[in-house]
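Coordinates as given in input_14.cif (mmCIF, C-alpha atoms):
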data_upload
#
loop_
_atom_site.label_atom_id
_atom_site.label_comp_id
_atom_site.auth_asym_id
_atom_site.auth_seq_id
_atom_site.Cartn_x
_atom_site.Cartn_y
_atom_site.Cartn_z
CA GLY A 1 -33.78 1.25 -35.05
CA ILE A 2 -35.94 3.60 -37.09
CA ASN A 3 -38.95 2.98 -34.86
CA ALA A 4 -36.82 3.84 -31.83
CA SER A 5 -35.53 7.02 -33.55
CA LEU A 6 -32.05 5.50 -33.71
CA PRO A 7 -29.74 5.85 -36.73
CA SER A 8 -29.02 3.09 -39.22
CA LEU A 9 -26.73 2.57 -42.20
CA PRO A 10 -28.22 4.10 -45.37
CA SER A 11 -29.55 1.47 -47.77
CA LYS A 12 -28.50 3.06 -51.06
CA GLY A 13 -25.35 4.52 -52.55
CA ASP A 14 -21.60 3.92 -52.45
CA LEU A 15 -20.92 3.78 -48.72
CA ASN A 16 -17.79 3.57 -46.60
CA VAL A 17 -18.04 1.24 -43.60
CA TRP A 18 -15.44 0.86 -40.88
CA VAL A 19 -14.11 -2.51 -39.58
CA ILE A 20 -11.78 -2.89 -36.58
CA PRO A 21 -10.43 -6.30 -35.56
CA LEU A 22 -9.78 -6.42 -31.78
CA CYS A 23 -7.08 -8.58 -30.20
CA ILE A 24 -8.33 -9.87 -26.82
CA LYS A 25 -5.72 -10.90 -24.24
CA GLY A 26 -5.61 -14.68 -23.92
CA PHE A 27 -6.66 -15.08 -27.56
CA GLU A 28 -3.65 -13.44 -29.23
CA LYS A 29 -2.94 -16.56 -31.30
CA ASN A 30 -6.10 -15.86 -33.31
CA ALA A 31 -5.06 -12.30 -34.21
CA THR A 32 -2.84 -13.26 -37.12
CA SER A 33 -2.05 -11.57 -40.41
CA GLU A 34 -3.55 -14.59 -42.19
CA LYS A 35 -6.88 -14.16 -40.44
CA LEU A 36 -6.76 -10.43 -41.09
CA GLU A 37 -6.50 -11.10 -44.82
CA LYS A 38 -9.49 -13.45 -44.58
CA ILE A 39 -11.47 -10.77 -42.76
CA LYS A 40 -10.72 -8.40 -45.62
CA LEU A 41 -11.88 -10.96 -48.18
CA MET A 42 -14.98 -11.75 -46.14
CA PHE A 43 -16.05 -8.12 -46.27
CA ASN A 44 -14.72 -6.90 -49.63
CA GLY A 45 -14.17 -10.06 -51.68
CA ASP A 46 -16.67 -11.82 -53.94
CA SER A 47 -18.12 -15.27 -54.57
CA THR A 48 -14.86 -16.47 -56.14
CA ASN A 49 -12.74 -16.05 -53.01
CA THR A 50 -15.36 -16.84 -50.36
CA ASN A 51 -17.54 -19.92 -49.93
CA PHE A 52 -20.77 -17.98 -50.52
CA GLU A 53 -20.53 -14.23 -51.05
CA SER A 54 -18.65 -11.50 -49.26
CA VAL A 55 -20.69 -8.99 -47.30
CA SER A 56 -20.11 -6.41 -50.03
CA SER A 57 -20.89 -8.69 -52.99
CA PHE A 58 -24.03 -10.01 -51.28
CA TYR A 59 -25.53 -6.56 -50.76
CA LEU A 60 -24.53 -5.36 -54.22
CA LYS A 61 -26.46 -8.28 -55.75
CA SER A 62 -29.35 -8.28 -53.29
CA SER A 63 -29.93 -4.54 -53.80
CA TYR A 64 -29.78 -4.85 -57.59
CA ASN A 65 -26.62 -2.72 -57.61
CA GLN A 66 -28.18 0.03 -55.49
CA LEU A 67 -25.98 -0.51 -52.41
CA LYS A 68 -22.20 -0.74 -52.73
CA LEU A 69 -20.41 -1.21 -49.42
CA ASP A 70 -16.69 -0.47 -49.27
CA PHE A 71 -15.24 -1.75 -46.00
CA THR A 72 -12.09 -0.17 -44.56
CA VAL A 73 -10.42 -2.85 -42.43
CA SER A 74 -7.77 -1.67 -39.98
CA ASP A 75 -4.94 -3.71 -38.52
CA TRP A 76 -5.56 -5.67 -35.31
CA PHE A 77 -6.01 -3.35 -32.33
CA ASN A 78 -4.37 -4.89 -29.25
CA LEU A 79 -6.73 -4.14 -26.38
CA ASN A 80 -4.39 -5.82 -23.84
CA LYS A 81 -7.30 -6.92 -21.64
CA ASP A 82 -8.80 -10.36 -21.10
CA PRO A 83 -12.58 -11.01 -20.90
CA LEU A 84 -12.71 -10.54 -17.11
CA GLU A 85 -10.77 -7.26 -17.30
CA ILE A 86 -13.10 -6.12 -20.07
CA TYR A 87 -16.12 -6.97 -17.94
CA MET A 88 -14.70 -4.90 -15.08
CA GLU A 89 -14.69 -1.86 -17.39
CA ARG A 90 -18.46 -2.06 -17.92
CA ASP A 91 -20.77 0.88 -17.30
CA ARG A 92 -22.56 -0.03 -14.05
CA ASN A 93 -25.43 2.29 -14.99
CA ASP A 94 -26.09 0.44 -18.24
CA PRO A 95 -27.28 -3.15 -17.71
CA SER A 96 -26.77 -3.90 -21.40
CA ASP A 97 -23.04 -3.14 -21.23
CA SER A 98 -20.63 -5.94 -20.37
CA GLY A 99 -17.51 -3.93 -21.13
CA ILE A 100 -17.67 -3.80 -24.90
CA MET A 101 -18.43 -0.08 -24.96
CA TYR A 102 -15.04 0.44 -23.31
CA CYS A 103 -13.42 -1.77 -25.96
CA MET A 104 -14.99 0.19 -28.77
CA ASP A 105 -14.16 3.59 -27.28
CA GLN A 106 -10.52 2.53 -27.00
CA ALA A 107 -10.55 1.18 -30.56
CA LEU A 108 -12.01 4.41 -31.95
CA ASN A 109 -9.36 6.54 -30.24
CA TRP A 110 -6.60 4.17 -31.40
CA TYR A 111 -7.81 4.19 -34.99
CA LYS A 112 -8.11 7.96 -35.26
CA GLU A 113 -4.64 8.48 -33.79
CA THR A 114 -2.89 5.63 -35.62
CA TYR A 115 -4.35 6.36 -39.05
CA ASN A 116 -4.65 10.14 -38.60
CA ASP A 117 -8.26 9.77 -39.69
CA ASP A 118 -11.16 11.89 -38.43
CA CYS A 119 -13.60 9.20 -39.68
CA THR A 120 -15.77 11.71 -41.55
CA LYS A 121 -15.76 9.38 -44.58
CA PHE A 122 -17.73 6.84 -42.50
CA ASP A 123 -20.48 9.40 -41.85
CA ASN A 124 -22.10 8.90 -45.25
CA ASP A 125 -25.31 10.76 -44.40
CA LYS A 126 -23.46 13.62 -42.63
CA ASP A 127 -25.48 13.47 -39.41
CA GLY A 128 -22.39 13.67 -37.16
CA LEU A 129 -22.34 9.93 -36.36
CA ILE A 130 -20.38 7.11 -37.98
CA ASP A 131 -23.11 5.18 -39.80
CA ALA A 132 -21.93 1.69 -38.87
CA VAL A 133 -18.90 0.01 -37.33
CA TRP A 134 -17.94 -3.65 -37.37
CA PHE A 135 -15.90 -4.86 -34.36
CA ILE A 136 -14.48 -8.37 -34.78
CA ASN A 137 -12.66 -9.77 -31.76
CA SER A 138 -10.12 -12.59 -31.54
CA ALA A 139 -11.97 -14.47 -28.75
CA ARG A 140 -13.97 -17.66 -29.32
CA ASN A 141 -17.76 -17.63 -29.32
CA TYR A 142 -19.26 -18.86 -26.06
CA LEU A 143 -20.32 -22.21 -27.53
CA ASN A 144 -16.65 -22.97 -28.20
CA TYR A 145 -15.18 -21.72 -24.92
CA ASN A 146 -15.96 -21.83 -21.20
CA TYR A 147 -16.48 -18.20 -20.11
CA ASP A 148 -17.67 -16.83 -16.79
CA SER A 149 -21.49 -16.81 -16.96
CA ARG A 150 -21.55 -13.07 -16.14
CA TYR A 151 -20.18 -12.14 -19.54
CA ALA A 152 -20.32 -15.32 -21.65
CA SER A 153 -23.06 -13.98 -23.93
CA THR A 154 -20.79 -11.06 -24.87
CA TYR A 155 -18.77 -13.44 -27.02
CA TRP A 156 -21.32 -13.97 -29.75
CA GLY A 157 -22.58 -11.95 -32.71
CA PHE A 158 -25.04 -9.08 -32.31
CA THR A 159 -25.89 -5.53 -33.37
CA TYR A 160 -26.70 -2.68 -31.03
CA TRP A 161 -26.29 1.05 -30.41
CA ASN A 162 -23.98 2.93 -28.06
CA LYS A 163 -26.78 5.25 -26.99
CA LYS A 164 -24.60 7.50 -24.84
CA ASN A 165 -23.02 8.78 -28.06
CA TYR A 166 -26.33 9.94 -29.52
CA ASN A 167 -25.86 13.51 -28.26
CA LEU A 168 -22.17 13.61 -29.22
CA ARG A 169 -22.80 14.20 -32.91
CA ASN A 170 -20.00 16.07 -34.64
CA ILE A 171 -19.81 16.29 -38.42
CA TYR A 172 -16.09 17.17 -38.20
CA ASN A 173 -15.14 14.39 -35.77
CA PRO A 174 -17.96 11.81 -35.68
CA THR A 175 -18.20 9.05 -33.12
CA TYR A 176 -19.89 5.67 -33.47
CA MET A 177 -23.34 4.57 -32.36
CA ASN A 178 -24.70 1.84 -34.65
CA PHE A 179 -22.38 -1.17 -34.39
CA SER A 180 -22.02 -4.92 -34.89
CA TRP A 181 -19.85 -7.09 -32.64
CA CYS A 182 -18.78 -10.65 -33.42
CA THR A 183 -16.13 -13.21 -32.55
CA PHE A 184 -13.78 -14.13 -35.37
CA ASP A 185 -14.68 -17.84 -35.41
CA PHE A 186 -18.09 -17.21 -36.98
CA MET A 187 -16.04 -16.61 -40.12
CA PHE A 188 -15.23 -20.34 -40.20
CA GLN A 189 -18.57 -21.64 -38.94
CA GLY A 190 -19.88 -23.22 -42.13
CA TYR A 191 -16.82 -24.33 -44.09
CA GLY A 192 -14.00 -24.94 -41.61
CA THR A 193 -10.82 -22.97 -41.12
CA ASN A 194 -9.87 -23.24 -44.79
CA GLY A 195 -13.04 -21.51 -45.93
CA ILE A 196 -14.59 -18.08 -45.44
CA ASP A 197 -18.19 -17.96 -44.24
CA ALA A 198 -19.80 -14.50 -44.31
CA HIS A 199 -23.39 -15.57 -43.53
CA THR A 200 -23.47 -14.29 -39.92
CA PHE A 201 -21.77 -11.03 -40.93
CA ILE A 202 -24.26 -10.51 -43.76
CA HIS A 203 -27.14 -11.09 -41.32
CA GLU A 204 -25.77 -8.62 -38.78
CA THR A 205 -25.16 -6.05 -41.50
CA GLY A 206 -28.88 -6.37 -42.22
CA HIS A 207 -29.44 -5.14 -38.67
CA LEU A 208 -27.07 -2.23 -39.30
CA LEU A 209 -29.38 -1.32 -42.18
CA GLY A 210 -32.35 -1.39 -39.80
CA LEU A 211 -33.87 -4.83 -40.42
CA ASN A 212 -35.23 -6.97 -37.59
CA ASP A 213 -34.75 -10.67 -36.93
CA TYR A 214 -37.52 -12.63 -38.63
CA TYR A 215 -37.71 -15.29 -35.95
CA ALA A 216 -39.01 -15.32 -32.41
CA THR A 217 -35.90 -14.58 -30.34
CA ASP A 218 -37.43 -16.28 -27.29
CA SER A 219 -38.33 -19.50 -29.11
CA GLN A 220 -36.49 -22.19 -31.06
CA THR A 221 -39.64 -23.55 -32.67
CA TYR A 222 -41.56 -20.50 -33.87
CA ARG A 223 -40.10 -19.45 -37.24
CA PRO A 224 -42.68 -17.34 -39.10
CA SER A 225 -40.44 -16.94 -42.16
CA GLY A 226 -39.77 -20.65 -42.42
CA LYS A 227 -35.97 -20.45 -41.96
CA LEU A 228 -35.71 -19.35 -45.59
CA THR A 229 -34.37 -15.79 -45.45
CA MET A 230 -31.14 -14.07 -44.48
CA MET A 231 -32.80 -12.29 -41.55
CA ASP A 232 -34.19 -15.58 -40.23
CA GLN A 233 -31.73 -18.45 -40.61
CA ASN A 234 -28.78 -16.51 -42.10
CA VAL A 235 -29.34 -18.20 -45.46
CA TYR A 236 -30.19 -17.40 -49.09
CA ASP A 237 -31.16 -13.85 -50.02
CA LEU A 238 -33.12 -11.10 -48.31
CA ASP A 239 -36.83 -11.51 -48.95
CA ASN A 240 -38.82 -9.03 -51.02
CA TYR A 241 -40.48 -7.57 -47.92
CA SER A 242 -37.03 -6.55 -46.64
CA LYS A 243 -36.05 -5.22 -50.05
CA MET A 244 -39.19 -3.10 -50.09
CA LEU A 245 -38.37 -1.71 -46.62
CA LEU A 246 -34.87 -0.81 -47.82
CA GLY A 247 -36.21 0.93 -50.94
CA TRP A 248 -34.76 -1.54 -53.42
CA VAL A 249 -38.09 -2.61 -54.94
CA THR A 250 -41.27 -0.64 -55.64
CA PRO A 251 -44.63 -2.14 -54.63
CA PHE A 252 -47.72 -2.33 -56.78
CA VAL A 253 -50.88 -1.31 -54.95
CA VAL A 254 -53.85 -2.96 -56.65
CA TYR A 255 -57.18 -1.08 -56.46
CA GLY A 256 -59.18 -3.14 -58.96
CA SER A 257 -58.93 -6.01 -61.38
CA SER A 258 -55.40 -6.46 -62.63
CA GLU A 259 -53.01 -9.06 -63.96
CA ILE A 260 -49.39 -8.67 -62.91
CA ILE A 261 -46.58 -11.05 -63.86
CA LEU A 262 -44.21 -11.53 -60.94
CA PRO A 263 -40.59 -11.80 -62.10
CA PRO A 264 -38.10 -13.94 -60.16
CA ALA A 265 -36.90 -12.04 -57.09
CA ASN A 266 -33.27 -12.29 -58.18
CA LYS A 267 -33.92 -10.54 -61.52
CA GLY A 268 -34.22 -7.11 -59.98
CA ASP A 269 -37.14 -5.75 -61.97
CA HIS A 270 -37.90 -3.63 -58.87
CA ASN A 271 -41.50 -4.82 -58.51
CA VAL A 272 -43.32 -6.76 -55.82
CA ILE A 273 -47.03 -6.99 -55.09
CA VAL A 274 -48.31 -5.63 -51.77
#
Please rewrite the model in this file as structure tokens.
Amino acid sequence: GINASLPSLPSKGDLNVWVIPLCIKGFEKNATSEKLEKIKLMFNGDSTNTNFESVSSFYLKSSYNQLKLDFTVSDWFNLNKDPLEIYMERDRNDPSDSGIMYCMDQALNWYKETYNDDCTKFDNDKDGLIDAVWFINSARNYLNYNYDSRYASTYWGFTYWNKKNYNLRNIYNPTYMNFSWCTFDFMFQGYGTNGIDAHTFIHETGHLLGLNDYYATDSQTYRPSGKLTMMDQNVYDLDNYSKMLLGWVTPFVVYGSSEIILPPANKGDHNVIV
């Protein structure tokens, strides 16, 4: 994102982040109040009421208390369109759009009107754009459902930018650009429907912060980080390289002979050798 001159979520401070659950027609049975409460716990809970960490508790610990994310989760927004109808709303001039930009535009308008909220609190850096938005839809991911091949890959988890909004910056009425999109069932991927699994959502939030995937996206065998980091296999912690990029640790630059004791990465002594 930074290399492409695109905005990202700031990596330090007490930040407000916006979450909208979307009810997709044909998958209304998944848009329940029970699942909404689990979504809230997945984002704002802690290790005692999730099976790992919540998104917020993970980043608070990983950043050594330098990043506190406070997620505002709305009620379910009923889009009243099924996956084919959503696909038909796509921007024909944007090959990356399979209709989700329409979904998100509708959700933004609904939220602002329903909650009488101008969304300025989600523009933490005051650049006229909402820093990050999470859209969670009630559909199944494409490995668990037989979608039309034209839009099957839409029903997965990914992070992207709505680039047409880049020039619509307004500090008094900001719109979104940096967003994550995911089907609800990733929340139950690791521990079944009785658990809450935030791993995928933590990984995608790393993209909102500007981090890349640390695996070869065109290969299942080439894993340069050894499947041992959150931005590779969605596991464990962020590595120290990522923490340095996000400004959470300070590197030593060694010019001559020196002896430096490396503390454990989870201790947060804010040092890593480069």
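Among A:Cys119, A:Val17, A:Val55, A:Met101, the residue with the shortest atom-to-atom distance to Tyr172 of chain A, counting only C-alpha atoms, is A:Cys119.
Selection check: the PyMOL selection byres ((chain A and resi 201-216) around 7) on the shown file gives Gly1, Ile2, Ser8, Leu9, Pro10, Ser11, Val55, Ala132, Phe158, Thr159, Asn178, Phe179, Ser180, Ala198, His199, Thr200, Thr217, Asp218, Ser219, Tyr222, Arg223, Pro224, Ser225, Met230, Met231, Asp232 and Asn234 of chain A.
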>> If we count only C-alpha atoms and set the cut-off at 7 Å, which residues sit around Asn137 of chain A, ignoring sequence neighbours fewer than 3 positions away in its own chain? Please answer as a list in words.
In response: Pro21, Leu22, Cys23, Ile24, Cys182, Thr183 and Phe184 of chain A
Those residues you just picked out, can you put them in a file as an mmCIF file, in the coordinates of the input with C-alpha atoms?
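This is the output file result-v6.cif:
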data_model
loop_
_atom_site.group_PDB
_atom_site.id
_atom_site.type_symbol
_atom_site.label_atom_id
_atom_site.label_comp_id
_atom_site.auth_asym_id
_atom_site.auth_seq_id
_atom_site.Cartn_x
_atom_site.Cartn_y
_atom_site.Cartn_z
ATOM 1 C CA PRO A 21 -10.430 -6.300 -35.560
ATOM 2 C CA LEU A 22 -9.780 -6.420 -31.780
ATOM 3 C CA CYS A 23 -7.080 -8.580 -30.200
ATOM 4 C CA ILE A 24 -8.330 -9.870 -26.820
ATOM 5 C CA CYS A 182 -18.780 -10.650 -33.420
ATOM 6 C CA THR A 183 -16.130 -13.210 -32.550
ATOM 7 C CA PHE A 184 -13.780 -14.130 -35.370
#
With the cut-off set at 10 Å and counting all atoms listed in the file, tabulate each residue of segment 50-73 of chain A with an atom at most that distance from an atom of segment 38-43 of chain A, showing the nearest atom pair and its distance in Å to one decimal, ordered by chain and increasing number, as a tab-separated table.
residue	atom	partner	partner_atom	distance
A:Thr50	CA	A:Met42	CA	6.6
A:Asn51	CA	A:Met42	CA	9.4
A:Phe52	CA	A:Met42	CA	9.6
A:Glu53	CA	A:Met42	CA	7.8
A:Ser54	CA	A:Met42	CA	4.8
A:Val55	CA	A:Phe43	CA	4.8
A:Ser56	CA	A:Phe43	CA	5.8
A:Ser57	CA	A:Phe43	CA	8.3
A:Phe58	CA	A:Phe43	CA	9.6
A:Leu69	CA	A:Phe43	CA	8.8
A:Asp70	CA	A:Phe43	CA	8.2
A:Phe71	CA	A:Phe43	CA	6.4
A:Thr72	CA	A:Lys40	CA	8.4
A:Val73	CA	A:Lys40	CA	6.4
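One finds atom CA of Tyr155 of chain A at 7.1 Å from atom CA of Ala139 of chain A.
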For the structure provided, state which residues fall under the PyMOL selection byres ((chain A and resi 156) around 9), and present them as a CSV table (one decimal) with C-alpha atoms, keeping the file's coordinate frame.
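Now in expr.csv:
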chain,number,residue,atom,x,y,z
A,140,ARG,CA,-14.0,-17.7,-29.3
A,141,ASN,CA,-17.8,-17.6,-29.3
A,142,TYR,CA,-19.3,-18.9,-26.1
A,143,LEU,CA,-20.3,-22.2,-27.5
A,152,ALA,CA,-20.3,-15.3,-21.6
A,153,SER,CA,-23.1,-14.0,-23.9
A,154,THR,CA,-20.8,-11.1,-24.9
A,155,TYR,CA,-18.8,-13.4,-27.0
A,157,GLY,CA,-22.6,-12.0,-32.7
A,158,PHE,CA,-25.0,-9.1,-32.3
A,181,TRP,CA,-19.8,-7.1,-32.6
A,182,CYS,CA,-18.8,-10.6,-33.4
A,183,THR,CA,-16.1,-13.2,-32.6
A,186,PHE,CA,-18.1,-17.2,-37.0
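In this comparison, which uses all atoms listed in the file, the residue of A:Lys163, A:Arg169, A:Lys121, A:Lys243 approaching Ser96 of chain A most closely is A:Lys163.
For the pair atom CA of Asn16 of chain A and atom CA of Asn194 of chain A, the interatomic distance is 28.0 Å.
Taking atom CA of Met177 of chain A as the reference point, atom CA of Lys164 of chain A is found at 8.2 Å.
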>> Between A:Ser62, A:Ser74, A:Arg90, A:Val254, which residue has the minimum interatomic distance to Val133 of chain A, considering all atoms listed in the file?
In response: A:Ser74
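Comparing the minimum interatomic distances between Pro174 of chain A and each of A:Lys112, A:Lys61, A:Arg150, A:Lys227, counting only C-alpha atoms, we find that A:Lys112 sits nearest.
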>> When the PyMOL selection byres ((chain A and resi 89) around 9) is applied to the structure above, which residues does it catch, written out as a PyMOL selection string?
In response: chain A and resi 84-88+90-92+98-103
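Counting all atoms listed in the file and comparing A:Ile196, A:Leu15, A:Leu67, A:Leu262, the residue that lies closest to Glu37 of chain A is A:Ile196.
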> So which one's closest to Ile171 of chain A, A:Trp134, A:Thr221, A:Asp123, A:Asp197? Using all atoms listed in the file, please.
Replying inline: A:Asp123
>> Applying 12 Å and all atoms listed in the file, which residues near Thr175 of chain A remain after dropping the ones on its own chain fewer than 6 positions away? List them as a count of residues only.
In response: 33
Report, as JSON, the axis-aligned box around all atoms of segment 87-101 of chain A present in the file, extended by 6 Å on each side; give centre and edge lengths in Å to one decimal place.
{"center_x": -21.0, "center_y": -2.3, "center_z": -19.5, "size_x": 24.6, "size_y": 21.3, "size_z": 22.9}
